[in-house]
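Novice: File name start.csv; file contents CSV, C-alpha atoms; full text below.
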chain,number,residue,atom,x,y,z
A,1,MET,CA,-13.3,-45.3,-18.0
A,2,ALA,CA,-11.2,-46.7,-15.1
A,3,ARG,CA,-8.5,-44.0,-15.8
A,4,LYS,CA,-11.1,-41.2,-15.5
A,5,ARG,CA,-12.3,-42.7,-12.2
A,6,VAL,CA,-8.7,-42.8,-10.8
A,7,VAL,CA,-8.1,-39.2,-11.9
A,8,LEU,CA,-11.4,-38.1,-10.3
A,9,ILE,CA,-10.5,-39.9,-7.0
A,10,VAL,CA,-7.1,-38.2,-6.9
A,11,VAL,CA,-8.5,-34.8,-7.5
A,12,VAL,CA,-11.2,-35.3,-4.8
A,13,VAL,CA,-8.6,-36.5,-2.3
A,14,ALA,CA,-6.3,-33.5,-3.2
A,15,LEU,CA,-9.1,-31.1,-2.7
A,16,LEU,CA,-10.0,-32.7,0.7
A,17,LEU,CA,-6.4,-32.5,1.8
A,18,LEU,CA,-6.2,-28.8,0.7
A,19,ALA,CA,-9.4,-28.0,2.6
A,20,LEU,CA,-8.1,-29.8,5.8
A,21,LEU,CA,-4.8,-27.9,5.5
A,22,LEU,CA,-6.6,-24.5,5.2
A,23,ARG,CA,-8.8,-25.4,8.1
A,24,ILE,CA,-5.8,-26.1,10.3
A,25,THR,CA,-3.9,-23.1,9.1
A,26,LEU,CA,-6.7,-20.7,9.6
A,27,GLN,CA,-7.4,-21.6,13.2
A,28,PRO,CA,-6.8,-18.5,15.3
A,29,GLU,CA,-3.7,-19.8,17.1
A,30,HIS,CA,-2.0,-20.8,13.8
A,31,ALA,CA,-3.1,-17.7,12.0
A,32,THR,CA,-2.0,-15.4,14.9
A,33,ARG,CA,1.4,-17.1,15.1
A,34,LEU,CA,1.9,-16.7,11.3
A,35,ILE,CA,0.9,-13.0,11.4
A,36,LEU,CA,3.2,-12.2,14.3
A,37,ASP,CA,6.1,-14.2,12.9
A,38,ARG,CA,5.8,-12.3,9.6
A,39,ALA,CA,5.4,-8.9,11.2
A,40,GLY,CA,8.3,-9.7,13.6
A,41,LYS,CA,10.7,-10.7,10.7
A,42,THR,CA,9.8,-7.5,8.9
A,43,LEU,CA,10.5,-5.3,11.9
A,44,GLY,CA,13.4,-7.3,13.3
A,45,LEU,CA,11.5,-8.1,16.5
A,46,GLN,CA,10.1,-11.1,18.4
A,47,ILE,CA,6.4,-10.5,18.8
A,48,THR,CA,4.4,-12.9,20.9
A,49,ALA,CA,0.8,-13.0,22.2
A,50,SER,CA,-0.9,-15.4,24.6
A,51,SER,CA,-4.0,-15.6,22.3
A,52,GLY,CA,-5.5,-14.0,19.3
A,53,GLU,CA,-8.7,-13.7,17.3
A,54,TYR,CA,-9.3,-12.5,13.8
A,55,ARG,CA,-12.1,-11.7,11.5
A,56,LEU,CA,-11.8,-11.5,7.7
A,57,ARG,CA,-15.4,-10.7,6.7
A,58,GLY,CA,-16.0,-7.0,6.0
A,59,THR,CA,-13.0,-5.2,7.3
A,60,PRO,CA,-10.2,-7.6,8.6
A,61,GLN,CA,-9.6,-7.3,12.3
A,62,LEU,CA,-7.1,-8.8,14.7
A,63,VAL,CA,-7.3,-8.9,18.5
A,64,LEU,CA,-4.2,-10.0,20.4
A,65,ARG,CA,-3.9,-10.5,24.2
A,66,ASP,CA,-0.8,-10.1,26.3
A,67,VAL,CA,1.4,-8.9,23.5
A,68,VAL,CA,5.2,-8.5,23.9
A,69,ALA,CA,7.5,-7.0,21.3
A,70,ARG,CA,11.3,-7.1,21.8
A,71,GLU,CA,14.5,-7.3,20.0
A,72,PRO,CA,15.7,-11.0,20.2
A,73,GLY,CA,17.0,-11.5,23.7
A,74,ALA,CA,16.5,-7.9,24.8
A,75,THR,CA,14.1,-6.0,27.1
A,76,PRO,CA,10.6,-5.7,25.7
A,77,LEU,CA,10.0,-2.4,24.0
A,78,LEU,CA,6.3,-2.8,24.1
A,79,ARG,CA,3.9,-4.9,26.2
A,80,SER,CA,0.1,-4.6,26.0
A,81,ARG,CA,-2.7,-6.4,27.6
A,82,ARG,CA,-4.8,-6.1,24.4
A,83,VAL,CA,-4.1,-4.9,20.9
A,84,TYR,CA,-6.9,-4.4,18.4
A,85,LEU,CA,-6.0,-3.7,14.8
A,86,SER,CA,-8.4,-3.1,11.9
A,87,LEU,CA,-7.0,-2.9,8.4
A,88,PRO,CA,-8.8,-2.4,5.0
A,89,TRP,CA,-8.3,-5.1,2.4
A,90,SER,CA,-6.4,-2.6,0.2
A,91,THR,CA,-3.6,-2.4,2.9
A,92,ILE,CA,-3.3,-6.1,3.1
A,93,ARG,CA,-3.1,-6.5,-0.6
A,94,ALA,CA,-0.6,-3.7,-0.9
A,95,ARG,CA,1.9,-5.7,1.3
A,96,GLY,CA,3.4,-2.6,3.0
A,97,SER,CA,3.3,-0.1,0.2
A,98,ASP,CA,0.0,1.4,1.6
A,99,LEU,CA,0.0,2.2,5.3
A,100,THR,CA,-3.7,2.8,5.8
A,101,VAL,CA,-5.1,1.4,9.0
A,102,ARG,CA,-8.7,1.8,10.1
A,103,ARG,CA,-8.2,1.7,13.9
A,104,ILE,CA,-5.7,0.7,16.5
A,105,GLU,CA,-6.6,0.2,20.2
A,106,LEU,CA,-4.1,-0.5,23.0
A,107,ASP,CA,-5.1,-1.5,26.5
A,108,ALA,CA,-2.5,-1.1,29.2
A,109,PRO,CA,0.4,-0.7,26.9
A,110,ARG,CA,3.8,-0.3,28.5
A,111,PHE,CA,6.4,1.3,26.3
A,112,ASP,CA,10.1,1.1,27.2
A,113,LEU,CA,11.8,4.2,25.6
A,114,PRO,CA,15.4,3.0,25.9
A,115,ALA,CA,14.6,-0.3,24.4
A,116,TYR,CA,12.8,1.4,21.6
A,117,GLN,CA,15.7,3.8,21.0
A,118,HIS,CA,18.1,0.9,20.8
A,119,TRP,CA,15.9,-0.9,18.3
A,120,ILE,CA,15.5,2.2,16.1
A,121,ALA,CA,19.3,2.7,16.1
A,122,THR,CA,19.7,-0.9,14.7
A,123,ARG,CA,17.2,-0.4,11.9
A,124,PRO,CA,18.5,0.2,8.4
A,125,PRO,CA,18.1,3.8,7.2
A,126,SER,CA,14.9,4.4,5.4
A,127,ALA,CA,12.3,7.1,4.8
A,128,ARG,CA,10.1,7.6,7.8
A,129,ARG,CA,6.5,6.8,6.8
A,130,ILE,CA,3.5,7.9,8.9
A,131,PRO,CA,0.5,5.6,8.6
A,132,THR,CA,-3.0,6.9,7.9
A,133,LEU,CA,-5.4,6.0,10.7
A,134,THR,CA,-8.9,6.6,9.3
A,135,GLU,CA,-10.8,5.8,12.5
A,136,GLY,CA,-8.0,6.7,14.9
A,137,LEU,CA,-6.1,5.4,17.8
A,138,ARG,CA,-7.2,4.7,21.4
A,139,ILE,CA,-4.9,4.1,24.3
A,140,ARG,CA,-6.2,3.1,27.8
A,141,ASP,CA,-4.1,3.0,30.9
A,142,GLY,CA,-0.7,3.4,29.1
A,143,ARG,CA,2.7,3.8,30.5
A,144,ILE,CA,6.1,5.1,29.2
A,145,ASP,CA,9.2,4.0,31.0
A,146,ASN,CA,12.6,5.7,30.7
A,147,ASP,CA,15.8,5.1,32.8
A,148,ASP,CA,15.1,7.9,35.3
A,149,TRP,CA,11.5,8.8,34.8
A,150,ASP,CA,8.1,7.4,33.7
A,151,VAL,CA,4.7,8.5,32.7
A,152,ASP,CA,1.7,6.4,33.6
A,153,ARG,CA,-2.1,6.4,33.4
A,154,ILE,CA,-2.0,7.6,29.8
A,155,ASP,CA,-5.4,7.7,28.2
A,156,ALA,CA,-5.7,9.2,24.7
A,157,ASP,CA,-8.0,9.2,21.7
A,158,LEU,CA,-6.8,10.3,18.3
A,159,PRO,CA,-9.8,10.4,16.0
A,160,SER,CA,-7.7,10.1,12.8
A,161,LEU,CA,-4.2,10.6,11.6
A,162,HIS,CA,-3.2,11.7,8.1
A,163,PRO,CA,0.5,12.3,7.2
A,164,GLU,CA,-0.3,15.7,5.5
A,165,ARG,CA,-2.5,17.1,8.3
A,166,PRO,CA,-1.8,18.2,11.9
A,167,ALA,CA,-3.0,15.6,14.4
A,168,GLN,CA,-5.5,16.5,17.1
A,169,ALA,CA,-5.6,14.2,20.1
A,170,GLY,CA,-7.7,14.5,23.2
A,171,ARG,CA,-8.5,12.9,26.5
A,172,PRO,CA,-11.3,10.3,26.1
A,173,PRO,CA,-14.6,11.3,27.6
Give the structure from this file in structure tokens form.

Specialist:
Amino acid sequence: MARKRVVLIVVVVALLLLALLLRITLQPEHATRLILDRAGKTLGLQITASSGEYRLRGTPQLVLRDVVAREPGATPLLRSRRVYLSLPWSTIRARGSDLTVRRIELDAPRFDLPAYQHWIATRPPSARRIPTLTEGLRIRDGRIDNDDWDVDRIDADLPSLHPERPAQAGRPP
């Protein structure tokens, strides 16, 4: 009887420690850092954000603030005041084999074309895969910088994107 009691106590303590570990790990700042580190390693980039929020119920969503993506030690290729990403569970479970995204929103993104071109040139050769965006892409107050020119005040809405169909973008209302 004493042995069963000891085993029960050990199991309860282990479950409590596991619950505590999950609670700490799933706090927004820890989860955001984990997601950005994982995405950064996959892409060969350092991706940082000042804060992040996520939702797992229904369709998983991630909102990041003050995002910066760069090659380690290089000029940022992308900065954005806010990034919103909504992914279906099937995409998350597929771990990269399915590139279906519900929606992407970028507020005040700044895209550095030379930094992007340098990063692309360092990537290993692979097949170019275009994601499917079922509920589209929205860009507000965007900017593209190049060495001798830039384009600013970019506002665009892309209702959806499918690799096999022509894209139709428009200026938001």

Novice: Quote the spacing between CA of Thr134 (chain A) and CA of Arg33 (chain A) in Å to one decimal place.

Specialist: 26.5 Å

Novice: What does the distance from CA of Asp66 (chain A) to CA of Arg129 (chain A) come to in Å, to one decimal?

Specialist: 26.8 Å

Novice: Grab the CA of Asp112 (chain A) to CA of Asn146 (chain A) distance for me, in Å with one decimal place.

Specialist: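 Between these atoms lies a distance of 6.3 Å.
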
Novice: Contacts between region 153-165 of chain A and region 35-135 of chain A, please, where a residue of region 35-135 of chain A counts if it comes within 8 Å (with all atoms listed in the file); show its shortest atom pair and distance in Å to one decimal, rows by chain and ascending number, as CSV.

Specialist:
residue,atom,partner,partner_atom,distance
A:Ile130,CA,A:Pro163,CA,5.6
A:Pro131,CA,A:Pro163,CA,6.8
A:Thr132,CA,A:His162,CA,4.8
A:Leu133,CA,A:Leu161,CA,4.8
A:Thr134,CA,A:Ser160,CA,5.1
A:Glu135,CA,A:Ser160,CA,5.3

Novice: So, counting all atoms listed in the file, which residue among A:Thr91, A:Ala115, A:Arg102, A:Arg82 is closest to Gly142 (chain A)?

Specialist: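 The shortest atom-to-atom distance to Gly142 (chain A) comes from A:Arg82.
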
Novice: Have a look at A:Ala94, A:Leu43, A:Asp37, A:Asp107 and name the one nearest to Thr122 (chain A); count all atoms listed in the file.

Specialist: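 Using all atoms listed in the file, Thr122 (chain A) sits closest to A:Leu43.
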
Novice: Find the residues near Ala74 (chain A): any atom within 12 Å, counting all atoms listed in the file, skip ones fewer than 6 places away on the same chain, and give them as a PDB file with C-alpha atoms, in the frame of the given file.

Specialist:
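The resulting file, part26.pdb, is reproduced below:
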ATOM      1  CA  GLY A  44      13.400  -7.300  13.300  1.00  0.00           C
ATOM      2  CA  LEU A  45      11.500  -8.100  16.500  1.00  0.00           C
ATOM      3  CA  GLN A  46      10.100 -11.100  18.400  1.00  0.00           C
ATOM      4  CA  VAL A  68       5.200  -8.500  23.900  1.00  0.00           C
ATOM      5  CA  ASP A 112      10.100   1.100  27.200  1.00  0.00           C
ATOM      6  CA  PRO A 114      15.400   3.000  25.900  1.00  0.00           C
ATOM      7  CA  ALA A 115      14.600  -0.300  24.400  1.00  0.00           C
ATOM      8  CA  TYR A 116      12.800   1.400  21.600  1.00  0.00           C
ATOM      9  CA  HIS A 118      18.100   0.900  20.800  1.00  0.00           C
ATOM     10  CA  TRP A 119      15.900  -0.900  18.300  1.00  0.00           C
TER      11      TRP A 119
END

Novice: Taking all atoms listed in the file into account, which of A:Leu99, A:Ala108, A:Leu34, A:Leu87 comes nearest Val67 (chain A)?

Specialist: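 Closest to Val67 (chain A) of all the choices is A:Ala108.
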
Novice: Place a sphere of radius 12 Å on (3.9, -10.9, 18.4) in the file coordinates and name every protein, DNA or RNA residue with an atom inside or on its surface, counting only C-alpha atoms; give the answer as a JSON list (two decimals) with C-alpha atoms, in the frame of the given file.

Specialist:
[["chain", "number", "residue", "atom", "x", "y", "z"],
["A", 29, "GLU", "CA", -3.70, -19.80, 17.10],
["A", 31, "ALA", "CA", -3.10, -17.70, 12.00],
["A", 32, "THR", "CA", -2.00, -15.40, 14.90],
["A", 33, "ARG", "CA", 1.40, -17.10, 15.10],
["A", 34, "LEU", "CA", 1.90, -16.70, 11.30],
["A", 35, "ILE", "CA", 0.90, -13.00, 11.40],
["A", 36, "LEU", "CA", 3.20, -12.20, 14.30],
["A", 37, "ASP", "CA", 6.10, -14.20, 12.90],
["A", 38, "ARG", "CA", 5.80, -12.30, 9.60],
["A", 39, "ALA", "CA", 5.40, -8.90, 11.20],
["A", 40, "GLY", "CA", 8.30, -9.70, 13.60],
["A", 41, "LYS", "CA", 10.70, -10.70, 10.70],
["A", 42, "THR", "CA", 9.80, -7.50, 8.90],
["A", 43, "LEU", "CA", 10.50, -5.30, 11.90],
["A", 44, "GLY", "CA", 13.40, -7.30, 13.30],
["A", 45, "LEU", "CA", 11.50, -8.10, 16.50],
["A", 46, "GLN", "CA", 10.10, -11.10, 18.40],
["A", 47, "ILE", "CA", 6.40, -10.50, 18.80],
["A", 48, "THR", "CA", 4.40, -12.90, 20.90],
["A", 49, "ALA", "CA", 0.80, -13.00, 22.20],
["A", 50, "SER", "CA", -0.90, -15.40, 24.60],
["A", 51, "SER", "CA", -4.00, -15.60, 22.30],
["A", 52, "GLY", "CA", -5.50, -14.00, 19.30],
["A", 62, "LEU", "CA", -7.10, -8.80, 14.70],
["A", 63, "VAL", "CA", -7.30, -8.90, 18.50],
["A", 64, "LEU", "CA", -4.20, -10.00, 20.40],
["A", 65, "ARG", "CA", -3.90, -10.50, 24.20],
["A", 66, "ASP", "CA", -0.80, -10.10, 26.30],
["A", 67, "VAL", "CA", 1.40, -8.90, 23.50],
["A", 68, "VAL", "CA", 5.20, -8.50, 23.90],
["A", 69, "ALA", "CA", 7.50, -7.00, 21.30],
["A", 70, "ARG", "CA", 11.30, -7.10, 21.80],
["A", 71, "GLU", "CA", 14.50, -7.30, 20.00],
["A", 72, "PRO", "CA", 15.70, -11.00, 20.20],
["A", 76, "PRO", "CA", 10.60, -5.70, 25.70],
["A", 77, "LEU", "CA", 10.00, -2.40, 24.00],
["A", 78, "LEU", "CA", 6.30, -2.80, 24.10],
["A", 79, "ARG", "CA", 3.90, -4.90, 26.20],
["A", 80, "SER", "CA", 0.10, -4.60, 26.00],
["A", 82, "ARG", "CA", -4.80, -6.10, 24.40],
["A", 83, "VAL", "CA", -4.10, -4.90, 20.90]]

Novice: For Pro109 (chain A), which residue among A:Ile139, A:Leu15, A:Ala2, A:Val10 is the nearest when counting only C-alpha atoms?

Specialist: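 Using only C-alpha atoms, Pro109 (chain A) sits closest to A:Ile139.
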
Novice: Between A:Val151, A:Tyr84, A:Arg57, A:Pro124, which is the closest to Arg138 (chain A) once you count all atoms listed in the file?

Specialist: A:Tyr84

Novice: Using all atoms listed in the file, pick whichever of A:Leu17, A:Ile120, A:Leu113, A:Ala167 has the shortest atom-to-atom distance to Asp147 (chain A).

Specialist: A:Leu113
